[in-house]
file data.csv (CSV, C-alpha atoms)
chain,number,residue,atom,x,y,z
J,1,MET,CA,22.7,129.4,25.4
J,2,ILE,CA,20.4,129.5,22.5
J,3,ILE,CA,17.7,126.8,22.3
J,4,ARG,CA,17.4,125.7,18.7
J,5,HIS,CA,15.2,122.6,18.9
J,6,GLU,CA,12.0,121.5,20.7
J,7,LYS,CA,14.0,118.6,22.1
J,8,GLU,CA,16.4,121.0,23.9
J,9,LEU,CA,13.4,123.1,25.2
J,10,LYS,CA,11.8,119.9,26.6
J,11,ARG,CA,15.1,118.9,28.3
J,12,TYR,CA,15.4,122.4,29.8
J,13,ARG,CA,11.9,122.3,31.1
J,14,GLU,CA,12.7,119.0,32.8
J,15,ALA,CA,15.6,120.6,34.6
J,16,ALA,CA,13.6,123.7,35.5
J,17,ALA,CA,10.8,121.6,36.9
J,18,LYS,CA,13.2,119.8,39.3
J,19,SER,CA,14.7,123.2,40.3
J,20,MET,CA,11.2,124.6,40.9
J,21,GLN,CA,10.2,121.6,43.0
J,22,ILE,CA,13.2,122.2,45.3
J,23,LEU,CA,12.6,126.0,45.4
J,24,ARG,CA,9.0,125.5,46.4
J,25,ALA,CA,10.1,123.3,49.3
J,26,LEU,CA,12.5,126.0,50.4
J,27,PHE,CA,9.7,128.6,50.1
J,28,GLU,CA,7.4,126.6,52.3
J,29,ALA,CA,10.1,126.0,54.9
J,30,VAL,CA,10.8,129.7,55.5
J,31,LYS,CA,9.1,130.2,58.8
J,32,VAL,CA,9.6,131.7,62.3
J,33,GLY,CA,12.3,129.8,64.2
J,34,VAL,CA,13.8,128.1,61.1
J,35,THR,CA,17.4,129.0,60.3
J,36,PRO,CA,19.0,129.8,56.9
J,37,ALA,CA,21.3,126.9,57.6
J,38,LYS,CA,18.4,124.5,57.9
J,39,ILE,CA,17.0,125.8,54.6
J,40,ASP,CA,20.3,125.1,53.0
J,41,GLU,CA,20.4,121.6,54.4
J,42,LEU,CA,16.9,121.0,52.9
J,43,ALA,CA,18.2,122.2,49.5
J,44,GLU,CA,21.0,119.7,49.7
J,45,GLU,CA,18.7,116.9,50.7
J,46,LYS,CA,16.3,117.6,47.8
J,47,CYS,CA,19.1,117.8,45.3
J,48,VAL,CA,20.2,114.3,46.4
J,49,GLU,CA,16.6,113.0,46.1
J,50,LEU,CA,16.3,114.3,42.5
J,51,GLY,CA,19.8,113.4,41.4
J,52,VAL,CA,21.0,117.0,40.7
J,53,ILE,CA,23.8,119.1,41.9
J,54,PRO,CA,23.5,122.6,43.6
J,55,CYS,CA,25.3,124.8,41.2
J,56,PHE,CA,26.4,127.6,43.5
J,57,LYS,CA,28.9,125.4,45.4
J,58,GLY,CA,32.4,125.9,44.3
J,59,VAL,CA,32.0,129.2,42.5
J,60,GLY,CA,34.2,132.2,43.3
J,61,PRO,CA,37.9,132.7,43.9
J,62,LYS,CA,40.0,129.6,44.8
J,63,ASN,CA,40.8,131.1,48.2
J,64,ASN,CA,37.2,131.7,49.0
J,65,GLU,CA,34.9,129.3,47.1
J,66,TYR,CA,31.3,129.4,47.9
J,67,GLN,CA,30.4,126.3,50.1
J,68,TRP,CA,26.6,126.3,50.2
J,69,ALA,CA,23.7,125.2,48.0
J,70,THR,CA,21.8,128.4,48.5
J,71,CYS,CA,22.3,132.1,49.0
J,72,ILE,CA,20.0,133.3,51.8
J,73,SER,CA,19.9,137.1,52.3
J,74,VAL,CA,17.8,138.5,55.2
J,75,ASN,CA,16.6,142.1,55.5
J,76,ASP,CA,19.5,144.5,54.7
J,77,ALA,CA,21.5,141.6,53.3
J,78,VAL,CA,21.0,142.2,49.5
J,79,VAL,CA,22.5,139.2,47.8
J,80,HIS,CA,25.0,136.3,48.2
J,81,GLY,CA,24.0,135.8,51.8
J,82,ILE,CA,25.8,132.9,53.5
J,83,PRO,CA,23.2,130.6,55.2
J,84,GLU,CA,23.7,131.1,58.9
J,85,ASP,CA,22.3,129.7,62.2
J,86,GLU,CA,20.3,132.8,63.3
J,87,SER,CA,16.6,131.9,63.3
J,88,PHE,CA,14.1,133.8,61.2
J,89,LYS,CA,11.9,136.2,63.1
J,90,LYS,CA,8.5,137.6,62.3
J,91,GLY,CA,8.8,140.4,59.8
J,92,ASP,CA,12.1,139.3,58.3
J,93,LEU,CA,12.4,139.7,54.5
J,94,VAL,CA,14.1,136.5,53.2
J,95,LYS,CA,15.7,136.2,49.8
J,96,VAL,CA,16.5,132.6,48.7
J,97,ASP,CA,18.6,132.3,45.6
J,98,PHE,CA,19.1,128.8,44.3
J,99,GLY,CA,20.1,126.8,41.2
J,100,ILE,CA,21.0,123.3,40.0
J,101,ASN,CA,23.2,121.5,37.5
J,102,ASP,CA,21.0,118.8,36.1
J,103,ASP,CA,23.5,116.8,34.0
J,104,GLY,CA,24.8,120.0,32.4
J,105,TRP,CA,21.6,122.0,32.3
J,106,PHE,CA,21.8,124.9,34.7
J,107,THR,CA,19.1,126.8,36.6
J,108,ASP,CA,19.2,129.9,38.7
J,109,HIS,CA,16.2,131.7,40.3
J,110,CYS,CA,15.2,133.6,43.4
J,111,PHE,CA,12.2,134.5,45.6
J,112,THR,CA,11.6,137.0,48.4
J,113,LYS,CA,9.3,136.0,51.2
J,114,SER,CA,8.2,137.9,54.3
J,115,VAL,CA,8.2,135.8,57.5
J,116,GLY,CA,4.6,136.4,58.5
J,117,LYS,CA,2.5,139.3,57.3
J,118,PRO,CA,4.8,142.2,56.3
J,119,ASN,CA,4.4,145.8,57.3
J,120,GLU,CA,3.2,148.3,54.7
J,121,ALA,CA,6.7,149.4,53.6
J,122,ASP,CA,8.0,145.9,53.2
J,123,LEU,CA,4.9,144.8,51.3
J,124,ASN,CA,5.4,147.8,49.0
J,125,LEU,CA,9.1,147.0,48.5
J,126,MET,CA,8.3,143.4,47.5
J,127,LYS,CA,5.4,144.4,45.2
J,128,VAL,CA,7.4,147.0,43.4
J,129,ALA,CA,10.4,144.7,43.0
J,130,ARG,CA,8.3,141.9,41.7
J,131,GLU,CA,6.3,144.1,39.3
J,132,ALA,CA,9.5,145.7,37.9
J,133,ILE,CA,11.3,142.4,37.3
J,134,GLN,CA,8.3,140.6,35.9
J,135,ALA,CA,7.7,143.5,33.5
J,136,ALA,CA,11.3,143.2,32.3
J,137,ALA,CA,11.1,139.5,32.0
J,138,HIS,CA,8.0,139.8,29.7
J,139,LEU,CA,10.2,142.0,27.4
J,140,ALA,CA,12.4,139.0,26.6
J,141,ILE,CA,11.3,139.0,23.0
J,142,ALA,CA,13.5,138.6,19.9
J,143,GLY,CA,14.7,142.0,18.6
J,144,LYS,CA,14.5,143.8,22.0
J,145,ARG,CA,17.7,144.9,23.6
J,146,THR,CA,19.1,144.4,27.0
J,147,GLY,CA,18.7,148.1,27.8
J,148,ASP,CA,15.0,147.8,27.2
J,149,LEU,CA,14.7,145.3,30.1
J,150,GLY,CA,17.0,147.3,32.4
J,151,ALA,CA,15.2,150.6,31.7
J,152,LYS,CA,11.9,149.0,32.5
J,153,ILE,CA,13.2,147.8,35.9
J,154,GLN,CA,14.9,151.1,36.7
J,155,LYS,CA,11.9,153.3,35.7
J,156,THR,CA,9.4,151.2,37.7
J,157,VAL,CA,11.6,151.1,40.8
J,158,GLU,CA,12.6,154.8,40.9
J,159,ALA,CA,9.1,155.9,40.2
J,160,ALA,CA,8.2,154.3,43.5
J,161,GLY,CA,11.0,156.1,45.3
J,162,LEU,CA,13.2,153.0,45.6
J,163,SER,CA,16.6,152.2,44.1
J,164,VAL,CA,18.2,149.5,42.0
J,165,VAL,CA,21.5,147.9,42.8
J,166,LYS,CA,23.7,148.5,39.8
J,167,GLU,CA,26.7,146.4,40.7
J,168,PHE,CA,25.0,143.0,39.9
J,169,VAL,CA,23.3,141.9,36.6
J,170,GLY,CA,21.1,139.3,35.2
J,171,HIS,CA,22.6,137.0,32.7
J,172,GLY,CA,22.3,134.3,30.1
J,173,ILE,CA,22.4,130.7,31.3
J,174,GLY,CA,22.6,127.2,29.7
J,175,HIS,CA,25.4,124.7,30.0
J,176,THR,CA,27.1,127.1,32.4
J,177,MET,CA,25.6,129.1,35.1
J,178,HIS,CA,26.7,132.5,33.7
J,179,ASP,CA,26.5,133.0,29.9
J,180,SER,CA,26.1,136.0,27.6
J,181,PRO,CA,24.4,138.4,27.5
J,182,GLN,CA,24.7,140.4,30.7
J,183,LEU,CA,21.4,142.0,31.8
J,184,PRO,CA,21.9,145.2,33.9
J,185,ALA,CA,18.9,146.2,36.0
J,186,HIS,CA,19.2,149.7,34.7
J,187,GLY,CA,19.8,151.4,31.4
J,188,ARG,CA,18.3,153.1,28.4
J,189,VAL,CA,15.8,151.8,25.9
J,190,HIS,CA,17.1,150.7,22.4
J,191,THR,CA,20.6,150.2,23.8
J,192,GLY,CA,22.7,147.1,24.6
J,193,ALA,CA,22.9,143.6,23.1
J,194,LYS,CA,20.0,142.5,20.9
J,195,LEU,CA,18.0,139.5,22.1
J,196,LYS,CA,17.8,136.5,19.8
J,197,GLU,CA,15.0,133.9,19.7
J,198,GLY,CA,15.9,130.9,21.9
J,199,MET,CA,18.3,132.7,24.3
J,200,VAL,CA,17.9,131.5,27.8
J,201,LEU,CA,18.0,134.4,30.3
J,202,CYS,CA,17.9,135.0,34.1
J,203,VAL,CA,16.2,138.3,34.6
J,204,GLU,CA,16.9,139.5,38.1
J,205,ALA,CA,17.4,142.6,40.2
J,206,GLN,CA,18.0,143.7,43.8
J,207,ILE,CA,15.7,146.5,44.9
J,208,LEU,CA,16.3,148.6,48.0
J,209,ASP,CA,13.8,150.4,50.2
J,210,SER,CA,15.8,153.5,49.9
J,211,SER,CA,16.9,156.2,47.5
J,212,ASP,CA,20.5,155.4,48.4
J,213,ASP,CA,21.9,152.4,46.5
J,214,ASP,CA,25.2,152.2,48.4
J,215,ILE,CA,26.2,148.7,49.4
J,216,TYR,CA,29.2,146.9,50.8
J,217,VAL,CA,30.6,143.3,51.1
J,218,GLU,CA,31.1,141.7,54.5
J,219,GLU,CA,34.5,140.4,55.6
J,220,ASN,CA,33.4,136.9,54.6
J,221,GLY,CA,33.8,138.0,51.0
J,222,TRP,CA,30.2,137.1,50.0
J,223,THR,CA,27.3,138.7,51.9
J,224,VAL,CA,26.4,142.1,50.4
J,225,ARG,CA,24.5,144.6,52.6
J,226,THR,CA,23.1,148.1,52.3
J,227,GLU,CA,25.1,150.9,53.8
J,228,ASP,CA,22.1,152.5,55.3
J,229,GLU,CA,20.6,149.2,56.6
J,230,ALA,CA,17.6,149.5,54.2
J,231,LYS,CA,15.9,146.2,53.5
J,232,ALA,CA,16.2,144.6,50.0
J,233,ALA,CA,14.0,142.4,47.8
J,234,MET,CA,15.2,140.2,45.0
J,235,PHE,CA,13.3,138.2,42.3
J,236,GLU,CA,14.8,136.2,39.5
J,237,TYR,CA,13.0,134.4,36.6
J,238,MET,CA,14.4,132.1,33.9
J,239,VAL,CA,12.9,132.8,30.5
J,240,VAL,CA,13.5,131.7,26.9
J,241,VAL,CA,13.4,134.6,24.4
J,242,GLY,CA,10.5,134.1,22.1
J,243,LYS,CA,9.3,135.7,18.8
J,244,LYS,CA,6.2,137.4,20.4
J,245,LYS,CA,6.5,136.5,24.1
J,246,PRO,CA,8.9,134.7,26.4
J,247,ILE,CA,8.6,131.2,27.7
J,248,PHE,CA,9.0,131.1,31.5
J,249,LEU,CA,11.0,128.1,32.6
J,250,THR,CA,10.8,128.9,36.3
J,251,ASN,CA,7.3,130.3,36.6
J,252,THR,CA,7.1,131.7,40.1
J,253,LEU,CA,5.1,134.7,38.9
J,254,ASP,CA,2.1,134.1,41.2
J,255,TRP,CA,3.8,132.8,44.3
J,256,PRO,CA,2.6,134.6,47.5
J,257,LEU,CA,4.8,137.1,49.2
J,258,PHE,CA,4.3,135.8,52.7
call {"tool": "encode", "arguments": {"input": "data.csv", "output": "structure tokens"}}
result
Amino acid sequence: MIIRHEKELKRYREAAAKSMQILRALFEAVKVGVTPAKIDELAEEKCVELGVIPCFKGVGPKNNEYQWATCISVNDAVVHGIPEDESFKKGDLVKVDFGINDDGWFTDHCFTKSVGKPNEADLNLMKVAREAIQAAAHLAIAGKRTGDLGAKIQKTVEAAGLSVVKEFVGHGIGHTMHDSPQLPAHGRVHTGAKLKEGMVLCVEAQILDSSDDDIYVEENGWTVRTEDEAKAAMFEYMVVVGKKKPIFLTNTLDWPLF
């Protein structure tokens, strides 16, 4: 989607504010003893309170449509984790990916949180992942190319001895959850689609605490895990491409990591 009028931007800010309100409630609820299933129930309840629809439900193939409001991926689960009944334990790395449909205005964003104070390796993983993805999001400027954002993520991550999952991409968003352009979390500068002012983007990446980026999908057809059981971190920010700097619709930039 390309926002062309201030009225559209205002409306999108309203949708994003509702989504942020729910996401913050989910963030605060991630604690020792709580289950992903309970977090998902909370997301459903908050959606009803605010009169919005969780937009992940129903996506995917007809024989295996996604049935939950959130994707909650713990430790070596990288992305698309199905919310289960196993309680969070101290030291777990929890990724909560969530979005809404607010009368045709879609959101999609993600945080990673450590349950309790993380060990040094986990804290480094989260800090590097957040730094890389935020740096890429700040490059959402008219005239930049998608490869500029991907290259920024890849360079930052690999300089720290970590790896980027290449099978999944960031994306445009608007009146559908996935819009053009695609935003790979790797690439070369000055390549890819050119960004236009007003484009609404979801800048995201999955970062692994390993030099090995091999992953696999569980039998449920959704949950993605690392082959070597390395932990993963994921952040996702919604931005509007600007002339000189982006506008953050879901500004979770300064949220704590635990």
call {"tool": "residues_near_point", "arguments": {"input": "data.csv", "point": "(25.4, 143.1, 47.8)", "cutoff": "9 Å", "atoms": "only C-alpha atoms", "output": "number ranges by chain"}}
result
J: 77-81, 165, 167-168, 206, 215-218, 222-226
call {"tool": "atom_distance", "arguments": {"input": "data.csv", "atom1": "atom CA of Asp40 of chain J", "atom2": "atom CA of Asp103 of chain J"}}
result
21.0 Å
call {"tool": "closest_residue", "arguments": {"input": "data.csv", "among": "J:Ala185, J:Leu23, J:Val48, J:Ile82", "to": "Glu219 of chain J", "atoms": "only C-alpha atoms"}}
result
J:Ile82
call {"tool": "closest_residue", "arguments": {"input": "data.csv", "among": "J:Pro181, J:Gly192, J:Gly143, J:Pro256", "to": "Met1 of chain J", "atoms": "all atoms listed in the file"}}
result
J:Pro181
call {"tool": "closest_residue", "arguments": {"input": "data.csv", "among": "J:Glu41, J:Asp85, J:Glu49, J:Asp102", "to": "His175 of chain J", "atoms": "all atoms listed in the file"}}
result
J:Asp102
call {"tool": "closest_residue", "arguments": {"input": "data.csv", "among": "J:Leu257, J:Ile100, J:Ile133, J:Ala159", "to": "Ser211 of chain J", "atoms": "all atoms listed in the file"}}
result
J:Ala159
call {"tool": "atom_distance", "arguments": {"input": "data.csv", "atom1": "atom CA of Ile2 of chain J", "atom2": "atom CA of Ile153 of chain J"}}
result
23.8 Å
call {"tool": "residues_around", "arguments": {"input": "data.csv", "residues": "His190 of chain J", "least_positions_apart": "4", "cutoff": "9 Å", "atoms": "all atoms listed in the file", "output": "list in words"}}
result
Lys144, Arg145, Thr146, Gly147, Asp148 and Lys194 of chain J
call {"tool": "closest_residue", "arguments": {"input": "data.csv", "among": "J:Ile207, J:Asp179, J:Ile173, J:Ala151", "to": "Val240 of chain J", "atoms": "all atoms listed in the file"}}
result
J:Ile173
call {"tool": "atom_distance", "arguments": {"input": "data.csv", "atom1": "atom CA of Glu86 of chain J", "atom2": "atom CA of Thr35 of chain J"}}
result
5.6 Å
